[in-house]
>>> print(open('entry-v4.tsv').read())   # TSV, C-alpha atoms
chain	number	residue	atom	x	y	z
I	1	TRP	CA	-3.28	10.52	-4.73
I	2	ARG	CA	0.09	11.02	-3.07
I	3	VAL	CA	3.10	9.10	-1.81
I	4	GLY	CA	3.36	8.63	1.95
I	5	ASP	CA	6.14	6.99	3.95
I	6	VAL	CA	3.75	5.82	6.65
I	7	GLU	CA	0.02	5.89	7.30
I	8	SER	CA	0.32	8.32	10.20
I	9	GLU	CA	-1.54	11.32	11.56
I	10	ALA	CA	1.08	13.59	9.99
I	11	THR	CA	0.66	12.00	6.55
I	12	TRP	CA	-3.13	12.13	6.65
I	13	GLY	CA	-2.91	15.63	8.11
I	14	GLU	CA	-1.12	16.80	4.96
I	15	VAL	CA	-3.88	15.25	2.85
I	16	CYS	CA	-6.67	16.84	4.90
I	17	ALA	CA	-4.93	20.21	4.92
I	18	GLU	CA	-4.63	20.14	1.14
I	19	LEU	CA	-8.32	19.30	0.81
I	20	ARG	CA	-9.20	22.27	3.00
I	21	GLN	CA	-7.04	24.50	0.81
I	22	ARG	CA	-8.80	23.19	-2.29
I	23	GLY	CA	-12.14	24.30	-0.87
I	24	ILE	CA	-13.77	21.25	0.69
I	25	GLU	CA	-16.48	22.28	3.14
I	26	GLU	CA	-19.62	21.07	4.92
I	27	VAL	CA	-18.22	17.59	5.50
I	28	GLN	CA	-20.83	15.66	7.45
I	29	TRP	CA	-19.19	12.25	7.81
I	30	VAL	CA	-15.73	10.76	7.54
I	31	VAL	CA	-15.80	7.02	6.93
I	32	SER	CA	-12.63	5.00	7.49
I	33	ASP	CA	-11.22	1.97	9.24
I	34	GLY	CA	-10.07	2.32	12.84
I	35	HIS	CA	-6.54	3.52	12.04
I	36	ALA	CA	-5.61	6.13	14.65
I	37	GLY	CA	-3.70	8.33	12.19
I	38	SER	CA	-6.48	8.90	9.69
I	39	ARG	CA	-9.05	9.34	12.43
I	40	ALA	CA	-6.98	11.90	14.35
I	41	ALA	CA	-6.26	13.92	11.20
I	42	ALA	CA	-9.92	13.92	10.17
I	43	THR	CA	-10.99	15.01	13.66
I	44	HIS	CA	-8.49	17.88	13.60
I	45	TYR	CA	-9.31	19.25	10.14
I	46	PHE	CA	-13.02	18.35	9.95
I	47	CYS	CA	-14.01	18.80	13.58
I	48	ASP	CA	-17.73	19.14	12.80
I	49	ALA	CA	-17.88	15.86	10.89
I	50	ALA	CA	-19.07	12.62	12.49
I	51	TRP	CA	-16.66	9.71	12.29
I	52	GLN	CA	-18.09	6.42	11.00
I	53	ARG	CA	-16.07	3.27	11.63
I	54	CYS	CA	-16.26	1.08	8.54
I	55	TRP	CA	-18.59	-1.82	9.32
I	56	THR	CA	-16.72	-4.20	7.01
I	57	HIS	CA	-13.41	-3.58	8.79
I	58	PHE	CA	-15.10	-3.85	12.19
I	59	ILE	CA	-16.80	-7.17	11.51
I	60	ARG	CA	-13.74	-8.63	9.76
I	61	ASN	CA	-11.44	-7.79	12.68
I	62	LEU	CA	-13.97	-9.03	15.20
I	63	LEU	CA	-14.59	-12.41	13.55
I	64	ALA	CA	-10.85	-12.98	13.38
I	65	LYS	CA	-10.99	-13.34	17.18
I	66	VAL	CA	-13.46	-16.26	17.20
I	67	SER	CA	-13.26	-19.84	15.99
I	68	HIS	CA	-14.34	-20.72	12.49
I	69	LYS	CA	-17.44	-22.64	13.65
I	70	ASP	CA	-18.85	-19.54	15.40
I	71	LYS	CA	-18.07	-16.90	12.78
I	72	ALA	CA	-21.31	-17.24	10.82
I	73	VAL	CA	-23.57	-17.22	13.91
I	74	LEU	CA	-21.90	-14.22	15.54
I	75	GLY	CA	-21.78	-12.35	12.23
I	76	ARG	CA	-25.52	-12.84	11.67
I	77	GLU	CA	-26.33	-11.69	15.21
I	78	LEU	CA	-24.32	-8.48	14.84
I	79	CYS	CA	-25.73	-7.71	11.38
I	80	ALA	CA	-29.26	-8.19	12.72
I	81	ALA	CA	-28.49	-5.87	15.64
I	82	ARG	CA	-27.14	-3.18	13.33
I	83	LYS	CA	-30.36	-3.20	11.29
I	84	ILE	CA	-32.51	-2.29	14.31
I	85	GLU	CA	-33.76	1.25	13.71
I	86	ASP	CA	-33.95	2.43	17.33
I	87	ILE	CA	-30.41	3.30	18.49
I	88	LYS	CA	-31.04	2.44	22.15
I	89	ILE	CA	-32.47	-0.97	21.29
I	90	CYS	CA	-29.66	-1.50	18.78
I	91	LEU	CA	-26.99	-0.85	21.42
I	92	ALA	CA	-28.82	-2.94	24.00
I	93	GLU	CA	-28.85	-5.87	21.58
I	94	ALA	CA	-25.13	-5.42	20.97
I	95	GLU	CA	-24.51	-5.55	24.71
I	96	ARG	CA	-26.62	-8.73	24.96
I	97	ILE	CA	-24.51	-10.30	22.21
I	98	ALA	CA	-21.30	-9.29	24.01
I	99	GLN	CA	-22.52	-10.85	27.25
I	100	HIS	CA	-23.56	-14.03	25.45
I	101	TRP	CA	-20.15	-14.59	23.85
I	102	GLU	CA	-17.95	-13.08	26.57
I	103	GLN	CA	-17.15	-16.31	28.37
I	104	ARG	CA	-15.73	-17.92	25.22
I	105	TYR	CA	-14.37	-14.85	23.44
I	106	GLU	CA	-13.44	-12.13	25.91
I	107	LYS	CA	-11.51	-10.04	23.35
I	108	ALA	CA	-14.38	-10.15	20.87
I	109	ALA	CA	-16.86	-9.07	23.54
I	110	LYS	CA	-14.59	-6.19	24.51
I	111	GLN	CA	-14.36	-5.04	20.90
I	112	ILE	CA	-18.16	-5.09	20.54
I	113	ARG	CA	-18.53	-2.90	23.62
I	114	GLU	CA	-15.82	-0.46	22.54
I	115	GLN	CA	-16.47	-0.18	18.80
I	116	PHE	CA	-20.02	-1.21	17.87
I	117	GLU	CA	-21.48	2.22	18.59
I	118	GLN	CA	-18.80	3.80	16.37
I	119	THR	CA	-20.32	1.99	13.38
I	120	LEU	CA	-23.65	3.79	13.86
I	121	ALA	CA	-22.70	7.38	12.99
I	122	VAL	CA	-24.82	7.27	9.81
I	123	HIS	CA	-27.64	5.26	11.42
I	124	GLY	CA	-29.99	8.22	11.36
I	125	LEU	CA	-30.02	8.32	7.56
I	126	ALA	CA	-32.67	6.63	5.45
I	127	LYS	CA	-31.84	3.02	4.61
I	128	THR	CA	-31.29	3.83	0.93
I	129	GLN	CA	-28.66	6.38	1.92
I	130	ARG	CA	-27.16	4.48	4.83
I	131	ARG	CA	-26.21	1.41	2.84
I	132	ARG	CA	-23.80	3.46	0.72
I	133	VAL	CA	-21.86	5.13	3.51
I	134	TYR	CA	-21.65	2.77	6.48
I	135	THR	CA	-18.59	1.08	4.95
I	136	THR	CA	-15.69	2.03	2.68
I	137	ASN	CA	-16.75	-0.68	0.19
I	138	MET	CA	-17.51	1.86	-2.52
I	139	LEU	CA	-13.94	3.15	-2.39
I	140	GLU	CA	-12.52	-0.35	-2.15
I	141	ARG	CA	-14.23	-1.16	-5.43
I	142	ILE	CA	-12.68	1.93	-7.04
I	143	MET	CA	-9.25	0.98	-5.70
I	144	ARG	CA	-9.50	-2.56	-7.06
I	145	GLU	CA	-10.31	-1.17	-10.48
I	146	ILE	CA	-7.37	1.24	-10.34
I	147	LYS	CA	-5.03	-1.59	-9.35
I	148	ARG	CA	-6.36	-3.71	-12.21
I	149	ARG	CA	-5.75	-0.96	-14.74
I	150	THR	CA	-2.29	0.01	-13.48
I	151	ARG	CA	-1.10	-3.62	-13.46
I	152	VAL	CA	-1.79	-3.76	-17.18
I	153	ILE	CA	0.61	-0.84	-17.74
I	154	GLY	CA	3.24	-2.31	-15.45
I	155	ILE	CA	5.77	0.53	-15.49
I	156	PHE	CA	4.79	4.16	-16.09
I	157	PRO	CA	7.32	6.37	-17.92
I	158	ASN	CA	6.75	9.18	-15.41
I	159	GLU	CA	4.46	10.35	-12.62
I	160	ALA	CA	2.38	12.51	-14.97
I	161	SER	CA	1.35	9.49	-17.04
I	162	CYS	CA	0.17	7.72	-13.87
I	163	ASP	CA	-1.72	10.87	-12.87
I	164	ARG	CA	-3.56	10.90	-16.18
I	165	LEU	CA	-4.65	7.27	-15.97
I	166	VAL	CA	-5.67	7.30	-12.32
I	167	GLY	CA	-7.24	10.76	-12.62
I	168	ALA	CA	-9.32	9.77	-15.65
I	169	HIS	CA	-10.67	6.72	-13.84
I	170	LEU	CA	-11.50	8.73	-10.71
I	171	MET	CA	-13.36	11.31	-12.77
I	172	LEU	CA	-15.42	8.59	-14.44
I	173	SER	CA	-16.13	7.02	-11.05
I	174	LEU	CA	-17.25	10.37	-9.64
I	175	ILE	CA	-19.62	10.89	-12.58
I	176	HIS	CA	-21.09	7.43	-11.99
I	177	ILE	CA	-21.75	7.88	-8.27
I	178	SER	CA	-23.02	11.44	-8.76
I	179	GLU	CA	-25.83	10.53	-11.17
I	180	PRO	CA	-29.21	12.14	-10.37
I	181	THR	CA	-30.57	8.78	-9.26
I	182	ARG	CA	-27.99	8.62	-6.47
I	183	LEU	CA	-28.86	10.10	-3.09
I	184	LEU	CA	-25.29	10.73	-1.98
I	185	SER	CA	-22.17	11.84	-3.78
I	186	ILE	CA	-18.54	11.76	-2.71
I	187	SER	CA	-17.12	15.22	-2.41
I	188	TYR	CA	-13.53	14.03	-2.50
I	189	ALA	CA	-11.89	10.63	-2.63
I	190	VAL	CA	-8.46	10.69	-1.02
I	191	PHE	CA	-5.77	8.21	-1.94
I	192	CYS	CA	-2.41	7.69	-0.30
I	193	LEU	CA	0.24	5.42	-1.84
I	194	LYS	CA	2.77	3.79	0.46
I	195	LYS	CA	5.77	1.67	-0.48
I	196	LYS	CA	6.01	-1.58	1.45
I	197	LYS	CA	8.82	-3.38	-0.38
I	198	LYS	CA	10.86	-2.77	-3.49
I	199	LYS	CA	8.34	-4.38	-5.81
I	200	GLU	CA	5.23	-4.15	-3.70
I	201	GLN	CA	3.02	-1.17	-2.98
I	202	ARG	CA	-0.13	-0.68	-1.00
I	203	LEU	CA	-2.86	1.91	-1.46
I	204	TYR	CA	-4.45	3.61	1.49
I	205	TYR	CA	-7.68	5.51	1.13
I	206	SER	CA	-10.38	7.41	2.93
I	207	ALA	CA	-13.38	9.49	1.94
I	208	CYS	CA	-15.39	12.46	3.04
I	209	TYR	CA	-19.11	12.54	2.29
I	210	THR	CA	-21.56	15.37	1.93
I	211	GLN	CA	-25.30	14.88	1.67
I	212	ARG	CA	-27.18	15.90	-1.48
I	213	SER	CA	-30.91	15.80	-2.01
I	214	ARG	CA	-32.38	13.83	-4.89
I	215	TYR	CA	-34.45	16.87	-5.72
>>> encode(input="entry-v4.tsv", output="structure tokens")
Amino acid sequence: WRVGDVESEATWGEVCAELRQRGIEEVQWVVSDGHAGSRAAATHYFCDAAWQRCWTHFIRNLLAKVSHKDKAVLGRELCAARKIEDIKICLAEAERIAQHWEQRYEKAAKQIREQFEQTLAVHGLAKTQRRRVYTTNMLERIMREIKRRTRVIGIFPNEASCDRLVGAHLMLSLIHISEPTRLLSISYAVFCLKKKKKKEQRLYYSACYTQRSRY
């Protein structure tokens, strides 16, 4: 993890450059939200990797543009469309959904047309693999656990003590998700810490994935 003044392309570029120096290679996918900075940095340093827009962020931002009474219906329609195996049919269904809701929610329909396909970068994987990498939920769970543990400490005496606690938890998390029964393992989990206010901090994160065979 590192301290960053802003979540910009320059900040994420420093993180990606350091990962390259540490030997990361054969990155197949980069999964993140739609922030332009992290996406631009990943494209620059891992140009051969496919970018996967986090489905959770996509659907959350989209449903914020519709009324409460329609959230559940639209959410179910989009989730059903995403589960269609054939990409062409999947995209055609997304376009049908956009046309159906366009008159009432023009901005939501525009977002479906512009971003839905970006959530399908890992669609060619087997379902058992796909469900672990089409969102950043796995990392969000790790981050929640880190926040829970650091709140117990409150104030660290120095940066090294924070490194030890966070590092130990990340190592345990990596062991857990790299068990032989898992089909995919995270090569590196990248964390960026940004100060928002004097007593408030926010953690930014991203991940790079590399495929590993069960056998």
>>> closest_atom_pairs(input="entry-v4.tsv", of="region 32-84 of chain I", to="region 8-20 of chain I", cutoff="10 Å", atoms="all atoms listed in the file", output="tab-separated table")
residue	atom	partner	partner_atom	distance
I:His35	CA	I:Ser8	CA	8.6
I:Ala36	CA	I:Glu9	CA	7.3
I:Gly37	CA	I:Glu9	CA	3.7
I:Ser38	CA	I:Trp12	CA	5.6
I:Arg39	CA	I:Glu9	CA	7.8
I:Ala40	CA	I:Glu9	CA	6.1
I:Ala41	CA	I:Gly13	CA	4.9
I:Ala42	CA	I:Cys16	CA	6.8
I:Thr43	CA	I:Gly13	CA	9.8
I:His44	CA	I:Gly13	CA	8.1
I:Tyr45	CA	I:Cys16	CA	6.3
I:Phe46	CA	I:Cys16	CA	8.3
>>> write_last_selection(input="entry-v4.tsv", atoms="C-alpha atoms", output="compact mmCIF listing (two decimals), in the frame of the given file")
# COMPACT_ATOMS: atom_id res chain seq x y z
CA HIS I 35 -6.54 3.52 12.04
CA ALA I 36 -5.61 6.13 14.65
CA GLY I 37 -3.70 8.33 12.19
CA SER I 38 -6.48 8.90 9.69
CA ARG I 39 -9.05 9.34 12.43
CA ALA I 40 -6.98 11.90 14.35
CA ALA I 41 -6.26 13.92 11.20
CA ALA I 42 -9.92 13.92 10.17
CA THR I 43 -10.99 15.01 13.66
CA HIS I 44 -8.49 17.88 13.60
CA TYR I 45 -9.31 19.25 10.14
CA PHE I 46 -13.02 18.35 9.95
>>> atom_distance(input="entry-v4.tsv", atom1="CA of Gly23 (chain I)", atom2="CA of Met171 (chain I)")
17.7 Å
>>> residues_around(input="entry-v4.tsv", residues="Val66 (chain I)", least_positions_apart="5", cutoff="12 Å", atoms="all atoms listed in the file", output="list in words")
Ile59, Arg60, Asn61, Lys71, Ala72, Val73, Leu74, Gly75, Trp101, Glu102, Gln103, Arg104, Tyr105, Glu106, Lys107, Ala108, Ala109 and Gln111 of chain I
>>> write_last_selection(input="entry-v4.tsv", atoms="C-alpha atoms", output="mmCIF file, in the coordinates of the input")
data_model
loop_
_atom_site.group_PDB
_atom_site.id
_atom_site.type_symbol
_atom_site.label_atom_id
_atom_site.label_comp_id
_atom_site.auth_asym_id
_atom_site.auth_seq_id
_atom_site.Cartn_x
_atom_site.Cartn_y
_atom_site.Cartn_z
ATOM 1 C CA ILE I 59 -16.800 -7.170 11.510
ATOM 2 C CA ARG I 60 -13.740 -8.630 9.760
ATOM 3 C CA ASN I 61 -11.440 -7.790 12.680
ATOM 4 C CA LYS I 71 -18.070 -16.900 12.780
ATOM 5 C CA ALA I 72 -21.310 -17.240 10.820
ATOM 6 C CA VAL I 73 -23.570 -17.220 13.910
ATOM 7 C CA LEU I 74 -21.900 -14.220 15.540
ATOM 8 C CA GLY I 75 -21.780 -12.350 12.230
ATOM 9 C CA TRP I 101 -20.150 -14.590 23.850
ATOM 10 C CA GLU I 102 -17.950 -13.080 26.570
ATOM 11 C CA GLN I 103 -17.150 -16.310 28.370
ATOM 12 C CA ARG I 104 -15.730 -17.920 25.220
ATOM 13 C CA TYR I 105 -14.370 -14.850 23.440
ATOM 14 C CA GLU I 106 -13.440 -12.130 25.910
ATOM 15 C CA LYS I 107 -11.510 -10.040 23.350
ATOM 16 C CA ALA I 108 -14.380 -10.150 20.870
ATOM 17 C CA ALA I 109 -16.860 -9.070 23.540
ATOM 18 C CA GLN I 111 -14.360 -5.040 20.900
#
>>> atom_distance(input="entry-v4.tsv", atom1="CA of Glu117 (chain I)", atom2="CA of Trp55 (chain I)")
10.5 Å
>>> atom_distance(input="entry-v4.tsv", atom1="CA of Val31 (chain I)", atom2="CA of Arg76 (chain I)")
22.6 Å
>>> closest_residue(input="entry-v4.tsv", among="I:Arg22, I:Glu7, I:Phe58, I:Phe156", to="Gln115 (chain I)", atoms="all atoms listed in the file")
I:Phe58
>>> residues_around(input="entry-v4.tsv", residues="region 157-166 of chain I", least_positions_apart="3", cutoff="8 Å", atoms="only C-alpha atoms", output="ChimeraX atom specification")
/I:146,169-170
>>> closest_residue(input="entry-v4.tsv", among="I:Val152, I:Ala126, I:Ile112, I:Ala80", to="Leu62 (chain I)", atoms="all atoms listed in the file")
I:Ile112
